[in-house]
Structures are given as structure tokens and as C-alpha cells.
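Take a look at the structure set out below.
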Amino acid sequence: MTVVPAPTTSRDEGPGHGVAPPPGGATAGGRLLRLLRRPLSLQGLLVGGAVVVVGYLAVVPLGYLIHDTFLSADGRGVSFGAFSRAYGGNSQSGEMLLNSLWFALGSAALALVLGTALAYIQVRTDTPFKGLFFAASLVPLIVPGILYATSWIFLGDPSSGVLNSLVFKPLFGASPINIYSVWGMIWVQGLHLAPVAFLLMVAAFRAMDPSLEESAAMSGADRLTVLRRVTMPLLRPAMISAALLMFVQSLESFEVPGLLGLQNGIYVFTSRIYFVLRAYPIDYGAAGAYAIGLLVIAAAGVLLSGWMQRSSRNFQTVTGKAFRPRPVELGRARPFVGAGVILYFLITVVLPVAVLVYASLLKYYAAPTRKTLSQLTFANYRTLWHQPLAFTALKNSLIVGIGAATAVMILTSIVSWVVLRTRAPGRRLLDLLAFTPIVIPGLVLGLALSFVYLRTPLPIYGTLLILLISYCTRYLPYGMRYSSSAMAQMSPELEESAAVNGASWFQTFRRVLLPLMSGGILAGWVYILVVSFRELSSTILLYSPGKEVLSVLIWEQFENGQFTTLAALGVCMVVLLFLLVSIAYRFGARFGLQNDSAN
């Protein structure tokens with residue numbers, strides 16, 4: 001057996017008598033600084049290029065947005081004219097602000113209550129039909145927001161909705177459900193986000209030591225008292241994080257307010273921005289003022305969440321001791337809880353998908369009757385098959401989705417190495433920049449990118465390349481999470497062993513790190529591909545005719561009143577996403593894909 005001698009190091013007789021660190025820092029810490037001193041090094045070019053790209057994606061669009069919004073009309077100074085036009089002396093602005101906050105808070109509260117209750121039933125009780133929880137958790141990925149909102153239009157329309165026509169009118173002689181209201185928007189958005197809250201709270205319940213609850217029960221506390229005084233306080237940090245995520249996602253939602261609110265003149269920030277940019281002449285300054293207002297509210301939510309979690313260490317219960325939760329026996333309540341689980345699954349999954357399939361088989365949408373059921377046809381699917389625009393949209397979705405997934409995972413693999421493997425100054429700032437886009441609403445990002453490329457000579461606006469840039473920016477934080485998780489699982493000794501045996505940095509990265517990270521990288525790649533297919537909010541402001549993707553094509557068909565063709569395209573999209581999600585769950589189980597199914 002050949003023993004490879006370790007590299008010699010010089011001794012320092014100063015205080016500590018330790019080994020002197022190599023020039024530029026420790027072995028891992030000084031690597032980045034040393035490589036940046038060699039400008040022609042491939043390692044320096046790759047790492048430096050990745051840092052520049054991340055900084056550009058995260059900072060430049062917002063910089064242009066802020067600059068152009070505050071720029072005076074003559075271009076010579078700072079002006080608040082855009083804010084005056086957007087907010088000043090307009091009663092609709094105050095109503096829009098209240099609608100936005102009420103919609104976001106209501107949707108977040110509904111999603112959090114449903115998700116927490118379902119997570120408790122799943123983890124802590126012996127309820128039947130637990131497999132339905134997993135099926136329901138796929139809803140946000142398999143049924144995009146634009147299709148989910150469309151399904152509830154078919155269900156809750158006051159005149160032709162299935163629930164009003166078949167259930168409430170025959171029983172009560174009235175149509176109490178009006179999906180085109182703030183309450184309808186909250187209902188749809190909350191139901192669509194509830195599976196995401198469920199996944200987050202399931203992880204929190206599984207990480208919490210149940211012995212504390214058992215001790216309270218043994219001391220004589222009843223079940224409700226234990227839940228109120230022990231369980232809920234321990235879950236507070238997780239609930240705050242989940243509530244923040246639900247709030248930000250509801251605040252940036254465009255599909256639900258656009259499809260439901262605009263039908264009744266109800267505006268929130270996102271729909272107002274869309275309306276301003278569709279008016280003539282376009283007031284980019286006012287649109288920027290609305291976008292900055294939306295961004296400020298989202299940032300305030302993040303800061304408030306951080307302040308509320310300042311004492312989260314007081315609620316940590318995961319220690320070195322092993323524990324196994326003991327399910328609560330429901331006893332006589334077990335059949336009722338099981339029935340509630342089935343009812344929830346029917347309302348959130350079966351009804352929306354079933355009504356979408358039903359609408360896709362009609363020539364003109366109408367509530368189910370004997371006559372309409374006898375006229376079911378596959379004509380809409382044949383129309384799609386012979387419609388070139390549908391295949392163009394599918395091709396564009398594949399190109400942009402695959403391109404964004406590949407670019408993001410390559411970029412974040414390098415950036416995660418810089419953050420986790422070096423001690424380079426500014427690496428924490430780089431990590432923060434990579435996660436910044438997660439709090440930027442999609443419509444704000446689309447507007448910011450339009451500000452950049454409408455004012456530069458580069459021929460990018462209106463091409464697939466600007467959609468690719470938008471998707472790379474929007475999903476950079478998710479790719480960073482997957483890459484960092486995979487990188488953190490590997491010991492630096494593997495790289496050091498390769499370096500000792502003469503391998504260059506690029507050889508080590510390509511032949512050691514990337515193969516070992518392949519599971520996390522593949523999971524992140526498939527996940528970004530899946531969510532890019534359903535992305536609408538950042539795309540709606542950037543596409544041009546002939547460059548539509550599937551989500552934009554569905555939006556156009558809704559605006560044109562082609563509801564049955566829209567439903568057929570939606571069914572095809574759901575089938576495609578189901579296949580992609582199945583692949584993602586298969587490869588992503590180890591890397592937390594189930595916990596990231598929101599967007």
C-alpha cells in the first residue's frame with residue numbers, strides 16, 4: 001500500500017505555536033482570494049462570472065425600477081410625480097391597498113388554519129385515509145393557479161356555476177356563491193396554498209418532541225388545553241414562517257385577482273399594475289410606483305416575521321434524544337374525521353379537476369344537465385391538435401423551462417461552493433443576493449426587467465431570452481436551496497484528497513463534487529422545470545406574439561372567452577405536469593422537494 005505524504009507546513013513559534021495558515025487564508029477559506037488573483041485561471045473565471053451573474057440578476061432590475069420610477073420627466077433629478085399619479089387624490093388607490101392586504105391576510109390565514117389542522121391530523125392522530133393528504137399536497141404543483149382559478153369559476157359562477165346550479169338553487173332557490181368577490185378570491189387562493197402550509201407544518205410537527213404534550217396530559221390537562229398552551233406555542237416559529245410565505249405568495253398572486261377580481265372591478269396591486277400597462281398611453285412611472293409599493297409591503301412582512309421570531313430559540317425542542325410521536329386515538333370521532341378528510345379532498349382536488357375535464361368536453365360551457373352530458377365531445381382536443389399556436393407554446397415552455405433549470409442549477413452549484421467552501425469576504429452577501437428574488441413579486445420582476453431592456457440597445461425584449469432571464473432570476477433562490485443542501489452533505493476532505501493527488505479545481509468540481517451532488521441538482525432541475533411551466537405573473541408583461549408559453553396561452557384564451565378550449569389545454573397541461581412532478585418527487589425526496597411546492 002502506497003502512502004501519499006501530507007504536504008509540509010511551516011511552524012510558527014508565536015502565540016499558540018500552531019500551524020501557520022497558507023497565504024490568503026485557510027485551505028478552503030483562502031482559495032477564492034488566491035484564484036481571483038489569477039485572472040486567466042479557469043476557476044477564477046467560473047467563480048467570478050457566477051458572482052457577477054448573481055449580482056446582475058438580483059440587483060440590476062430593481063435598480064432600474066427604482067431609478068426610472070423616481071426620475072423626473074426631464075430626466076435631470078428626483079421626482080415623486082409617479083407616486084402622485086398612482087396614489088395621490090385617488091380613492092381607488094386606498095381601496096386597492098385595502099383589497100390587497102385583506103386578500104393576502106385572508107388567504108394566508110385560511111391556508112395556515114387548514115394546513116395546520118390537516119398536519120396535526122396527519123402526524124398526531126390515527127385518522128384513516130392518510131394517503132389522501134399526500135395526493136392533496138400535489139395540487140399546487142399539478143394544478144397551476146390560473147387553472148385552479150378557472151376551475152372555481154366553473155364551480156362558483158353566480159349564473160352558470162355547477163355548485164349554484166346543481167346544489168344551492170334546487171335546495172334554497174338562490175345562488176349564494178359569488179366567486180367574483182374578495183371572499184371568493186380568498187377562498188380560491190387559500191385552498192390553493194393550504195397544501196403548501198400543510199407540508200411546512202407536517203415537518204414542524206414531526207420535529208417537535210411530543211413528550212411535552214404527554215407530560216401536560218399526564219398532569220391532568222385536557223386535549224384542548226394541551227393544544228392551546230403547549231402545542232401551539234411550540235409551533236409558533238414554524239407558523240410564523242408559513243404565514244409569511246403564504247402572505248407574500250398571496251400578495252404577489254396575479255392569476256386569482258386577474259381572473260376573479262377584474263370581473264367585478266376589484267383591484268389589488270398586481271391587477272392594477274397589469275391594468276396600467278395595458279392602458280394607452282402607458283404610464284411606466286405609475287406602474288413602477290405601484291410595484292415599489294407592493295415590494296415595500298412584501299419586505300415589511302419579511303421584517304415583521306424576523307422580529308416575531310427573535311425569540312424562536314425558546315421554542316426549540318429537537319435535542320439529541322430520540323423520540324417517536326404516539327398517535328392520538330380519535331375513538332368515536334375517527335369516522336367523522338375520516339369523512340372530513342374525504343370531504344376536503346373532494347373539494348380541493350376532485351371537484352376542480354373534474355369540472356375542468358367536464359368543461360373540456362363541451363362545445364360551449366353550461367352547467368351539467370342531461371342535454372349537456374349527451375353532447376360531450378373531444379372536439380376541443382382535436383382543435384388543439386391542429387392548432388399550431390398550442391405546439392408553439394409547448395415548445396417555448398420547454399425551451400425556457402429547460403434553459404432556466406439548467407442555467408440556475410449550474411450557477412447555484414458554483415455559488416454554493418463559494419458560500420460553503422470558502423471564507424471569502426462578502427460570501428454572506430452573495431448568499432443574501434441569491435435569495436433576494438424570493439421576496440420580489442413576479443409581476444414586479446417582470447416590470448423591472450421591462451425597464452431594463454426597453455432602455456438598453458440590446459435586442460432582448462420580446463424574445464424568449466428575456467423570459468429565460470426572468471425565470472432564472474425568479475427561481476434562483478430555489479436552485480440555491482437544492483445546491484446548498486447537496487453541497488452541505490459532503491465533507492471538504494473529498495476535495496482535499498483530490499487536490500493532494502494533483503487534481504485541479506475544475507477537475508475536482510467536475511469529477512468529484514458534481515457527481516456527488518447529482519441527486520440534489522437533478523431534483524432542483526426538475527422542480528424548476530415544473531414551476532416554470534405554470535409561471536404567469538412575470539411572463540405576462542414580457543412576452544410578445546409568437547413567443548407565448550402555455551400559461552400565457554391559457555390567459556389569452558380566457559380573455560377571448562374560449563373557456564372550453566382553455567379547459568382542454570388545461571387538462572393536457574395538468575397531465576404533463578403530473579408526469580414531471582412524479583419524476584421530481586422520485587428524485588427529490590432526499591432534498592426536501594415536498595417542502596418547496598409553493599409558487
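By convention here, the chains of the C-alpha cells are called A, B, ... in the order presented, each chain's residues are numbered starting at 1, and ligands are numbered starting at 1 in the order presented.
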
For this session: Please provide the set of residues having any atom within 9 Å of region 293-300 of chain A, restricted to only C-alpha atoms, with same-chain residues fewer than 5 positions apart removed, written as a list of chain:residue names.
Result: A:Phe247, A:Val248, A:Leu251, A:Glu252, A:Phe269, A:Thr270, A:Gly288, A:Ser305, A:Val439, A:Ile440, A:Pro441, A:Val444

Quick one: pick out all helix (DSSP H, G or I) residues within region 443-494 of chain A from a backbone DSSP run and write them as a CSV table (one decimal) with N, CA, C and O atoms, in the first residue's frame.
chain,number,residue,atom,x,y,z
A,443,LEU,N,-44.8,39.9,-10.8
A,443,LEU,CA,-45.2,41.0,-11.7
A,443,LEU,C,-44.2,42.2,-11.5
A,443,LEU,O,-43.9,42.9,-12.5
A,444,VAL,N,-43.7,42.4,-10.3
A,444,VAL,CA,-42.7,43.4,-10.1
A,444,VAL,C,-41.4,43.1,-10.9
A,444,VAL,O,-40.8,43.9,-11.5
A,445,LEU,N,-41.0,41.8,-10.8
A,445,LEU,CA,-39.8,41.4,-11.5
A,445,LEU,C,-40.0,41.6,-13.0
A,445,LEU,O,-39.1,42.1,-13.7
A,446,GLY,N,-41.2,41.2,-13.6
A,446,GLY,CA,-41.4,41.4,-15.0
A,446,GLY,C,-41.4,42.9,-15.4
A,446,GLY,O,-40.8,43.2,-16.4
A,447,LEU,N,-41.9,43.7,-14.6
A,447,LEU,CA,-41.9,45.2,-14.8
A,447,LEU,C,-40.5,45.7,-14.8
A,447,LEU,O,-40.0,46.5,-15.6
A,448,ALA,N,-39.7,45.2,-13.7
A,448,ALA,CA,-38.3,45.7,-13.6
A,448,ALA,C,-37.5,45.3,-14.8
A,448,ALA,O,-36.7,46.1,-15.3
A,449,LEU,N,-37.7,44.1,-15.3
A,449,LEU,CA,-36.9,43.6,-16.5
A,449,LEU,C,-37.3,44.4,-17.7
A,449,LEU,O,-36.5,44.7,-18.6
A,450,SER,N,-38.6,44.8,-17.8
A,450,SER,CA,-39.0,45.6,-19.0
A,450,SER,C,-38.4,47.0,-18.9
A,450,SER,O,-38.0,47.5,-19.9
A,451,PHE,N,-38.2,47.5,-17.7
A,451,PHE,CA,-37.5,48.8,-17.5
A,451,PHE,C,-36.0,48.7,-18.0
A,451,PHE,O,-35.5,49.6,-18.6
A,452,VAL,N,-35.4,47.5,-17.7
A,452,VAL,CA,-34.0,47.3,-18.1
A,452,VAL,C,-33.9,47.3,-19.6
A,452,VAL,O,-33.1,48.0,-20.3
A,453,TYR,N,-34.6,46.4,-20.3
A,453,TYR,CA,-34.4,46.1,-21.7
A,453,TYR,C,-35.2,46.9,-22.7
A,453,TYR,O,-34.9,46.8,-23.9
A,454,LEU,N,-36.1,47.7,-22.2
A,454,LEU,CA,-36.7,48.7,-23.1
A,454,LEU,C,-35.8,49.9,-23.2
A,454,LEU,O,-36.0,50.7,-24.1
A,464,LEU,N,-37.5,35.1,-26.4
A,464,LEU,CA,-37.5,34.1,-25.4
A,464,LEU,C,-36.4,34.3,-24.4
A,464,LEU,O,-36.4,33.8,-23.3
A,465,LEU,N,-35.4,35.0,-24.8
A,465,LEU,CA,-34.2,35.3,-23.9
A,465,LEU,C,-34.6,36.1,-22.7
A,465,LEU,O,-34.2,35.8,-21.6
A,466,ILE,N,-35.5,37.0,-22.8
A,466,ILE,CA,-35.9,37.8,-21.7
A,466,ILE,C,-36.8,37.0,-20.7
A,466,ILE,O,-36.7,37.1,-19.5
A,467,LEU,N,-37.6,36.0,-21.3
A,467,LEU,CA,-38.3,35.1,-20.4
A,467,LEU,C,-37.3,34.2,-19.7
A,467,LEU,O,-37.5,33.9,-18.5
A,468,LEU,N,-36.2,33.8,-20.4
A,468,LEU,CA,-35.2,32.9,-19.7
A,468,LEU,C,-34.6,33.7,-18.6
A,468,LEU,O,-34.4,33.1,-17.5
A,469,ILE,N,-34.2,35.0,-18.8
A,469,ILE,CA,-33.6,35.8,-17.7
A,469,ILE,C,-34.6,35.9,-16.6
A,469,ILE,O,-34.2,35.8,-15.4
A,470,SER,N,-35.9,36.2,-16.9
A,470,SER,CA,-36.9,36.3,-15.8
A,470,SER,C,-37.0,35.0,-15.0
A,470,SER,O,-37.0,35.1,-13.7
A,471,TYR,N,-37.0,33.9,-15.6
A,471,TYR,CA,-37.2,32.6,-14.9
A,471,TYR,C,-35.9,32.3,-14.1
A,471,TYR,O,-36.0,31.8,-13.0
A,472,CYS,N,-34.8,32.6,-14.7
A,472,CYS,CA,-33.5,32.4,-13.9
A,472,CYS,C,-33.5,33.2,-12.6
A,472,CYS,O,-33.1,32.8,-11.6
A,473,THR,N,-33.9,34.5,-12.7
A,473,THR,CA,-33.9,35.4,-11.6
A,473,THR,C,-35.0,34.9,-10.6
A,473,THR,O,-34.7,34.8,-9.4
A,474,ARG,N,-36.1,34.5,-11.0
A,474,ARG,CA,-37.2,34.2,-10.1
A,474,ARG,C,-37.0,32.9,-9.4
A,474,ARG,O,-37.3,32.8,-8.2
A,476,LEU,N,-33.9,31.5,-8.9
A,476,LEU,CA,-32.5,31.4,-8.3
A,476,LEU,C,-32.5,31.0,-6.8
A,476,LEU,O,-31.7,30.1,-6.5
A,477,PRO,N,-33.4,31.5,-6.0
A,477,PRO,CA,-33.4,31.0,-4.6
A,477,PRO,C,-33.7,29.5,-4.4
A,477,PRO,O,-33.1,28.9,-3.5
A,478,TYR,N,-34.6,29.0,-5.2
A,478,TYR,CA,-34.9,27.6,-5.1
A,478,TYR,C,-33.7,26.7,-5.6
A,478,TYR,O,-33.4,25.7,-4.9
A,479,GLY,N,-33.1,27.1,-6.6
A,479,GLY,CA,-31.9,26.3,-7.1
A,479,GLY,C,-30.8,26.4,-6.0
A,479,GLY,O,-30.0,25.5,-5.8
A,480,MET,N,-30.7,27.6,-5.4
A,480,MET,CA,-29.6,27.8,-4.3
A,480,MET,C,-29.9,26.8,-3.2
A,480,MET,O,-29.0,26.3,-2.6
A,481,ARG,N,-31.2,26.6,-2.8
A,481,ARG,CA,-31.5,25.8,-1.7
A,481,ARG,C,-31.1,24.3,-2.0
A,481,ARG,O,-30.5,23.6,-1.2
A,482,TYR,N,-31.4,23.9,-3.2
A,482,TYR,CA,-31.1,22.5,-3.6
A,482,TYR,C,-29.6,22.3,-3.6
A,482,TYR,O,-29.0,21.3,-3.1
A,483,SER,N,-28.9,23.2,-4.3
A,483,SER,CA,-27.4,23.1,-4.4
A,483,SER,C,-26.7,23.2,-3.0
A,483,SER,O,-25.8,22.4,-2.7
A,484,SER,N,-27.2,24.1,-2.2
A,484,SER,CA,-26.5,24.3,-0.9
A,484,SER,C,-26.8,23.0,0.0
A,484,SER,O,-25.9,22.6,0.7
A,485,SER,N,-28.0,22.5,-0.1
A,485,SER,CA,-28.3,21.3,0.7
A,485,SER,C,-27.4,20.1,0.3
A,485,SER,O,-26.9,19.4,1.1
A,486,ALA,N,-27.2,20.0,-1.0
A,486,ALA,CA,-26.4,18.9,-1.5
A,486,ALA,C,-24.9,19.1,-1.2
A,486,ALA,O,-24.2,18.2,-0.8
A,487,MET,N,-24.5,20.4,-1.3
A,487,MET,CA,-23.1,20.7,-1.0
A,487,MET,C,-22.8,20.5,0.5
A,487,MET,O,-21.7,20.0,0.9
A,488,ALA,N,-23.7,20.9,1.4
A,488,ALA,CA,-23.5,20.8,2.8
A,488,ALA,C,-23.4,19.3,3.3
A,488,ALA,O,-22.8,19.1,4.3
A,493,GLU,N,-13.1,17.1,2.9
A,493,GLU,CA,-11.9,16.1,2.8
A,493,GLU,C,-11.9,15.5,1.4
A,493,GLU,O,-10.8,15.2,0.9
A,494,LEU,N,-13.0,15.4,0.8
A,494,LEU,CA,-13.0,14.8,-0.6
A,494,LEU,C,-12.3,15.7,-1.6
A,494,LEU,O,-11.5,15.2,-2.4

For this session: Using CA of Asp126 (chain A) and CA of Glu329 (chain A) as the two end points, give the distance in Å to one decimal.
Result: 5.7 Å

Exercise. Could you name the residues that touch Ser137 (chain A) at 7 Å or less, counting only C-alpha atoms, but leaving out those on the same chain fewer than 4 positions away, as an MDAnalysis selection string?
Worked result: chainID A and resid 133 195:196

For this session: Name all residues at most 12 Å from Gly546 (chain A) (count only C-alpha atoms; drop same-chain ones fewer than 4 positions away) and give them as a ChimeraX atom specification.
Result: /A:388-396,462-464,550,552-553

Take the residues from that selection and put them in a file with N, CA and C atoms, as a compact mmCIF listing (two decimals), in the first residue's frame.
# COMPACT_ATOMS: atom_id res chain seq x y z
N PRO A 388 -51.52 25.30 -34.44
CA PRO A 388 -50.05 25.48 -34.37
C PRO A 388 -49.60 26.26 -33.15
N LEU A 389 -50.43 27.22 -32.69
CA LEU A 389 -50.02 28.05 -31.56
C LEU A 389 -49.86 27.22 -30.28
N ALA A 390 -50.66 26.16 -30.14
CA ALA A 390 -50.55 25.31 -28.95
C ALA A 390 -49.19 24.61 -28.92
N PHE A 391 -48.76 24.10 -30.08
CA PHE A 391 -47.45 23.43 -30.12
C PHE A 391 -46.31 24.44 -29.99
N THR A 392 -46.53 25.65 -30.52
CA THR A 392 -45.52 26.69 -30.34
C THR A 392 -45.36 27.05 -28.87
N ALA A 393 -46.50 27.18 -28.17
CA ALA A 393 -46.44 27.49 -26.74
C ALA A 393 -45.78 26.37 -25.96
N LEU A 394 -46.08 25.12 -26.31
CA LEU A 394 -45.44 23.98 -25.64
C LEU A 394 -43.94 23.99 -25.89
N LYS A 395 -43.55 24.24 -27.14
CA LYS A 395 -42.12 24.28 -27.47
C LYS A 395 -41.43 25.40 -26.71
N ASN A 396 -42.06 26.59 -26.67
CA ASN A 396 -41.46 27.71 -25.94
C ASN A 396 -41.35 27.42 -24.46
N GLY A 462 -39.06 41.08 -25.83
CA GLY A 462 -39.95 40.44 -26.79
C GLY A 462 -39.42 39.14 -27.34
N THR A 463 -38.30 38.64 -26.80
CA THR A 463 -37.75 37.36 -27.24
C THR A 463 -37.85 36.35 -26.11
N LEU A 464 -37.53 35.10 -26.43
CA LEU A 464 -37.51 34.07 -25.40
C LEU A 464 -36.38 34.30 -24.41
N LEU A 550 -47.23 28.25 -22.36
CA LEU A 550 -48.54 27.64 -22.10
C LEU A 550 -49.40 28.48 -21.17
N VAL A 552 -49.39 31.70 -20.67
CA VAL A 552 -49.85 32.89 -21.37
C VAL A 552 -50.95 32.54 -22.36
N LEU A 553 -50.81 31.41 -23.04
CA LEU A 553 -51.83 30.98 -23.99
C LEU A 553 -53.16 30.72 -23.27

Exercise. Quick one: distance from CA of Leu529 (chain A) to CA of Ala111 (chain A) in Å, one decimal?
Worked result: 25.2 Å

Counting only C-alpha atoms, which residues in region 168-274 of chain A sit no more than 8 Å from region 139-156 of chain A? For each one, give the nearest pair of atoms and the distance in Å, sorted by chain then residue number, as CSV.
residue,atom,partner,partner_atom,distance
A:Ile177,CA,A:Gly156,CA,5.8
A:Asn178,CA,A:Gly156,CA,6.1
A:Ile179,CA,A:Gly156,CA,5.3
A:Val188,CA,A:Ala149,CA,6.5
A:His192,CA,A:Pro140,CA,6.1
A:Leu193,CA,A:Pro140,CA,6.9
A:Pro195,CA,A:Val139,CA,7.1
A:Val196,CA,A:Pro140,CA,7.4
A:Glu255,CA,A:Ile146,CA,5.1
A:Val256,CA,A:Ala149,CA,5.8
A:Leu259,CA,A:Ala149,CA,6.9
A:Leu260,CA,A:Ala149,CA,7.5

For this session: Find the residues near Gly401 (chain A): any atom within 7 Å, counting only C-alpha atoms, skip ones fewer than 4 places away on the same chain, and give them as a VMD selection string.
Result: chain A and resid 397 405 529 532 to 533

Take the residues that were just selected and, keeping N, CA, C and O atoms, output them as a PDB file, in the first residue's frame.
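Result saved to part_12.pdb:
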ATOM      1  N   SER A 397     -42.370  26.774 -23.873  1.00  0.00           N
ATOM      2  CA  SER A 397     -42.316  26.413 -22.457  1.00  0.00           C
ATOM      3  C   SER A 397     -41.178  25.449 -22.177  1.00  0.00           C
ATOM      4  O   SER A 397     -40.470  25.574 -21.166  1.00  0.00           O
ATOM      5  N   ALA A 405     -33.829  25.922 -15.911  1.00  0.00           N
ATOM      6  CA  ALA A 405     -33.443  24.897 -14.939  1.00  0.00           C
ATOM      7  C   ALA A 405     -31.957  24.582 -15.038  1.00  0.00           C
ATOM      8  O   ALA A 405     -31.259  24.469 -14.021  1.00  0.00           O
ATOM      9  N   LEU A 529     -38.049  23.195 -13.644  1.00  0.00           N
ATOM     10  CA  LEU A 529     -38.750  22.935 -14.907  1.00  0.00           C
ATOM     11  C   LEU A 529     -40.259  22.886 -14.681  1.00  0.00           C
ATOM     12  O   LEU A 529     -41.038  23.452 -15.467  1.00  0.00           O
ATOM     13  N   SER A 532     -41.676  26.431 -13.791  1.00  0.00           N
ATOM     14  CA  SER A 532     -41.597  27.371 -14.908  1.00  0.00           C
ATOM     15  C   SER A 532     -42.752  27.176 -15.877  1.00  0.00           C
ATOM     16  O   SER A 532     -43.167  28.128 -16.550  1.00  0.00           O
ATOM     17  N   PHE A 533     -43.296  25.962 -15.965  1.00  0.00           N
ATOM     18  CA  PHE A 533     -44.430  25.705 -16.858  1.00  0.00           C
ATOM     19  C   PHE A 533     -45.669  26.486 -16.418  1.00  0.00           C
ATOM     20  O   PHE A 533     -46.484  26.877 -17.250  1.00  0.00           O
TER      21      PHE A 533
END

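Picture a line from CA of Gln387 (chain A) to CA of Lys371 (chain A); it runs 28.2 Å.
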
For this session: Give me the residues within 8 Å of region 413-419 of chain A as a list in words, counting only C-alpha atoms and dropping any in the same chain fewer than 5 places off.
Result: Leu32, Leu46, Val47, Ala50, Val51, Ala424, Arg427, Arg428, Leu430, Asp431, Met480, Ser483, Ser484, Met487 and Ile521 of chain A

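Using only C-alpha atoms for every distance, the candidate list A:Phe172, A:Phe103, A:Tyr461, A:Tyr64 yields A:Phe103 as the residue closest to Trp187 (chain A).
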
For this session: Do a neighbour search on Ser360 (chain A) at 9 Å with only C-alpha atoms, toss out local chain neighbours closer than 2 positions, and write the hits as a PyMOL selection string.
Result: chain A and resi 355-358+362-363+365+376-381+563-571
